[in-house]
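Colleague: Mind looking over this structure? Questions follow.
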Amino acid sequence: MKKHKTAPNRRTKLVIWTSIMALALIAVYILGIFIPDTAVFSSFLNAKQPPSFKHLFGTDALGRDIFLRTLKGMAVSMTVGIAASLISAVIAIIVGIAAATGSKAADAFVNWLIDLVMSVPHTILIILISFALGRGLKGLLIGIAATHWCSLARLIRGEVLQLRAQHYIAVSRRLGKSHGWILTHHLLPHLIPQFFVGLVLMLPHAILHEASISFLGFGLSPEQPAIGIILSESMRYLSAGMWWQAVLPGLVLVLMVLLVEQTGEHLQTILNPYSVQQ
Amino acid sequence: MSELLKRSVRIFFTYGIRTLSLLFAVSVVSFVLISASPINPVQQYLIGLGTAVSPQQRAELEDYWGVNEPPVQRYFGWLSEVLHGNLGESALYRRPVAEIISERFWNSFALMLCAWLLSGVMGFGLGCIMGMYQDRWADKILKKCCYILSAVPTFWLGLVLLLVCSVWLKWFPIGFSAPIGVRSEDVTLGQRIYHLILPAFTLSLMSFSNIALHTRQKLSDVLSSEYVLFARARGEGKWTILRRHGLRNILFPALTLQFASFAELFGGSVIAENVFSYPGLGSAVSAAGLNGDVALLLGITLFSAVFVSFGNMAANILYGIIDPQIREVEA
């Protein structure tokens with residue numbers, strides 16, 4: 001971020017920056033969705049072309065334009081990532097609240113459950129789930145969703161425990177409000193920002209996991225233009241000197257992940273009431 | 001000392017029971033997942049064989065997987081076999097799974113140990129530098145690097161390193177833990193190490209940012225404390241303060257964190273081994289998954305859970321012993 005003396009204050013700038021980043025992400029996403037399948041045709045005349053103005057990222061061994069395929073792949077990865085993170089965040093919020101408001105046994109059980117998910121390497125757990133559901137999009141989605149909720153659930157549990165110790169909740173309880181009323185009127189409104197920030201911060205991990213698992217050959221099918229699949233294809237032509245297929249799509253992936261991560265962190269600052277005065 | 005011993009024994013037992021319950025749950029969950037899969041282990045084994053099998057062999061297989069038994073009984077039948085050390089026969093390699101795991105584990109172990117040590121030393125060192133020069137340029141650059149590295153997928157980093165170091169510079173071979181065409185008995189230690197460097201480096205780059213950022217945070221906490229202010233007032237130099245006050249406070253938490261990262265290490269090694277075609281457990285597990293080798297997949301899953309729980313146990317014991325505030329083991 002550049003520092004201008006006459007610029008608006010930091011918070012306004014942060015909001016503007018975050019909006020620009022979010023817009024860029026949405027633009028890539030929409031572009032990826034609306035590129036027709038026919039644009040990524042294979043033609044052996046154009047095969048293995050290095051990057052040029054006509055093909056920004058060059059072409060692969062089947063003559064498909066790698067730039068367009070990367071954009072499409074990014075959209076697919078983001079769709080999978082968003083869906084998986086959404087499921088994961090919902091699981092996290094339910095589990096987190098259950099742990100913090102339920103009985104001691106429920107709390108212990110949730111902690112044990114989190115330990116259970118953490119006790120198998122996530123890559124292997126996702127492979128196992130994908131295997132059980134007969135490889136494909138569904139297995140990938142459920143696998144990622146099942147492994148990413150732990151840290152957010154812990155965060156929400158802590159948050160709810162803290163909230164429950166507040167006076168106004170104790171007053172509310174003494175006034176005879178039911179658990180459900182306190183939950184919907186006092187707890188959930190506080191958790192909504194947490195939920196969205198948690199969701200956005202989970203997204204990069206989900207996208208990276210999606211790419212890795214697709215790279216290993218589980219998850220999306222080889223015809224689909226996922227980043228992981230493009231990169232695993234590039235392995236075969238690496239020693240033939242086709243560097244562009246390995247480097248450029250990966251670079252896009254890294255940039256997108258960084259962008260999502262930054263957006264999430266900015267969102268966290270913006271939504272945090274204590275940073276309003278900055 | 002006996003107090004310390006007593007405490008560590010108690011921690012050991014509490015965590016031992018917890019770990020056993022977790023391992024039991026892992027075995028249940030993975031067995032259920034495998035059973036839910038559309039792939040039939042007996043069928044898969046026979047398909048892979050391609051030749052006729054004697055009825056007796058088939059009966060043995062069906063007995064191992066408990067084909068005609070109800071699910072709960074099938075699970076316990078399988079579990080008792082596993083506890084007796086029989087992990088079944090791999091459909092892919094035609095050998096007992098336990099044999100494959102014990103053989104390949106040493107390859108993976110060498111890889112993970114190198115990466116673990118490297119990332120620990122690198123992360124801790126860089127974390128110290130970042131903490132010492134907080135908010136100066138060295139810190140800012142290193143912090144940016146850590147953030148960027150956390151956004152880089154392991155397999156892509158491996159690909160790029162492979163491209164640069166092996167294809168362009170021809171410093172390192174492309175994959176495998178030994179040269180092709182050399183019998184495994186003839187491979188020298190030097191050749192093994194030579195083939196190990198690049199994957200280990202990739203793996204360590206993936207995990208060092210976590211420990212570096214943690215160390216930086218801890219060190220900056222220490223440096224802003226009052227006892228460091230007092231030490232400074234006494235005229236102690238920067239590095240003396242690091243040695244006398246910094247390292248003592250941050251070394252063990254960093255070590256604990258490093259032990260607790262076994263799961264990520266194992267997960268990362270699956271990816272790294274696939275990129276570098278390194279013959280360890282990671283490349284075996286993905287091959288098993290892709291080829292429907294149920295026995296091998298189950299075996300490695302269980303093994304990885306045991307491996308991770310060893311790391312967690314070490315972390316918890318270290319944590320419990322060094323920090324007197326944590327008397328009671330908490331969840």
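Labeling convention for the structure tokens: chains A, B, ... as they appear, residues from 1 per chain, ligands from 1 in order of appearance.
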Residues within 9 Å of Trp65 (chain B), please, as a list in words. Count only C-alpha atoms; anything in the same chain fewer than 5 positions from it doesn't count.

Modeller: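 So, after excluding close chain neighbours, the residues are Pro41, Val42, Glu60, Arg74, Tyr75, Gly77, Trp78 and Gly88 of chain B.
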
Colleague: Since we have the selection now, will you write its residues out, keeping C-alpha atoms, as a PDB file, in the first residue's frame?

Modeller:
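Generated output (result_36.pdb):
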ATOM      1  CA  PRO B  41     -11.186 -55.946  -1.940  1.00  0.00           C
ATOM      2  CA  VAL B  42     -11.439 -59.627  -2.856  1.00  0.00           C
ATOM      3  CA  GLU B  60      -8.553 -67.361   2.664  1.00  0.00           C
ATOM      4  CA  ARG B  74     -16.242 -58.322  10.063  1.00  0.00           C
ATOM      5  CA  TYR B  75     -14.568 -55.327  11.671  1.00  0.00           C
ATOM      6  CA  GLY B  77     -12.276 -60.110  12.720  1.00  0.00           C
ATOM      7  CA  TRP B  78     -10.151 -57.740  10.688  1.00  0.00           C
ATOM      8  CA  GLY B  88      -3.324 -58.388   4.506  1.00  0.00           C
TER       9      GLY B  88
END

Colleague: Please list as a count of residues only every residue within 8 Å of Glu210 (chain A), counting only C-alpha atoms and excluding residues in the same chain fewer than 6 positions away.

Modeller: 7

Colleague: Could the residues of chain A within 6 Å of chain B, counting only C-alpha atoms, be given as a VMD selection string, please?

Modeller: chain A and resid 116 119 to 121 123 132 to 133 239 254 257 to 258

Colleague: Convert the current residue selection to file output with C-alpha atoms, as a PDB file, in the first residue's frame.

Modeller:
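Generated file (selection_30.pdb):
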ATOM      1  CA  LEU A 116      -9.495 -37.607  15.782  1.00  0.00           C
ATOM      2  CA  SER A 119      -4.692 -37.551  14.026  1.00  0.00           C
ATOM      3  CA  VAL A 120      -4.659 -38.655  10.395  1.00  0.00           C
ATOM      4  CA  PRO A 121      -2.749 -36.568   7.847  1.00  0.00           C
ATOM      5  CA  THR A 123      -4.040 -35.667   2.532  1.00  0.00           C
ATOM      6  CA  ALA A 132     -14.850 -44.512  -0.313  1.00  0.00           C
ATOM      7  CA  LEU A 133     -17.135 -42.333  -2.414  1.00  0.00           C
ATOM      8  CA  SER A 239      12.095 -32.975 -19.190  1.00  0.00           C
ATOM      9  CA  VAL A 254      -0.384 -18.899  -5.968  1.00  0.00           C
ATOM     10  CA  VAL A 257      -4.513 -17.942  -3.078  1.00  0.00           C
ATOM     11  CA  LEU A 258      -2.553 -14.922  -1.874  1.00  0.00           C
TER      12      LEU A 258
END

Colleague: Would you pick out the contacts of Ser19 (chain A) at 12 Å or less, using only C-alpha atoms, so that residues sharing its chain but fewer than 3 positions from it are not included, and give the list as a list in words?

Modeller: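 My list of contacting residues is Thr12, Lys13, Leu14, Val15, Ile16, Ala22, Leu23, Ala24, Leu25, Ile26, Ala27, Leu259, Val260, Gln262, Thr263, Gly264, His266, Leu267 and Ile270 of chain A.
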
Colleague: Would you write out those residues with C-alpha atoms, as a PDB file, in the first residue's frame?

Modeller:
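This is the output file out36.pdb:
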ATOM      1  CA  THR A  12     -11.240   3.738   4.051  1.00  0.00           C
ATOM      2  CA  LYS A  13      -8.199   2.711   2.078  1.00  0.00           C
ATOM      3  CA  LEU A  14      -8.417  -0.781   3.458  1.00  0.00           C
ATOM      4  CA  VAL A  15     -12.056  -1.009   2.456  1.00  0.00           C
ATOM      5  CA  ILE A  16     -11.252   0.218  -1.047  1.00  0.00           C
ATOM      6  CA  ALA A  22     -12.694  -9.068  -4.113  1.00  0.00           C
ATOM      7  CA  LEU A  23     -13.684  -7.658  -7.502  1.00  0.00           C
ATOM      8  CA  ALA A  24     -10.548  -9.111  -9.092  1.00  0.00           C
ATOM      9  CA  LEU A  25     -11.355 -12.501  -7.616  1.00  0.00           C
ATOM     10  CA  ILE A  26     -14.941 -12.338  -8.815  1.00  0.00           C
ATOM     11  CA  ALA A  27     -13.774 -11.217 -12.262  1.00  0.00           C
ATOM     12  CA  LEU A 259      -5.356 -12.646  -3.022  1.00  0.00           C
ATOM     13  CA  VAL A 260      -7.984 -14.653  -1.161  1.00  0.00           C
ATOM     14  CA  GLN A 262      -5.231 -11.003   1.911  1.00  0.00           C
ATOM     15  CA  THR A 263      -8.910 -10.341   1.338  1.00  0.00           C
ATOM     16  CA  GLY A 264      -9.727 -12.522   4.322  1.00  0.00           C
ATOM     17  CA  HIS A 266      -8.461  -7.339   5.503  1.00  0.00           C
ATOM     18  CA  LEU A 267     -12.022  -8.445   6.082  1.00  0.00           C
ATOM     19  CA  ILE A 270     -12.639  -4.299   8.830  1.00  0.00           C
TER      20      ILE A 270
END

Colleague: If you run DSSP on the backbone, which residues of region 31-146 of chain A are alpha helix (DSSP H), as a ChimeraX atom specification?

Modeller: /A:31-34,66-101,104-118,122-132,137-146

Colleague: Just how far from CA of Gly125 (chain B) is CA of Leu251 (chain B), in Å to one decimal?

Modeller: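 Atom-to-atom, CA of Leu251 (chain B) and CA of Gly125 (chain B) are spaced 10.6 Å apart.
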
Colleague: Neighbours of Ile101 (chain B) within 9 Å (only C-alpha atoms; same-chain residues fewer than 3 positions away dropped), as a ChimeraX atom specification?

Modeller: /B:96-98,104-106,280-281,284,296,299-300,303

Colleague: I'd like the neighbourhood of Ile97 (chain A) as a ChimeraX atom specification, where a residue qualifies if any of its atoms comes within 12 Å (using only C-alpha atoms), though same-chain residues fewer than 2 positions away should be ignored.

Modeller: /A:90-95,99-103,106-107,110,152-164,179-180,183-184,187-188,191,195
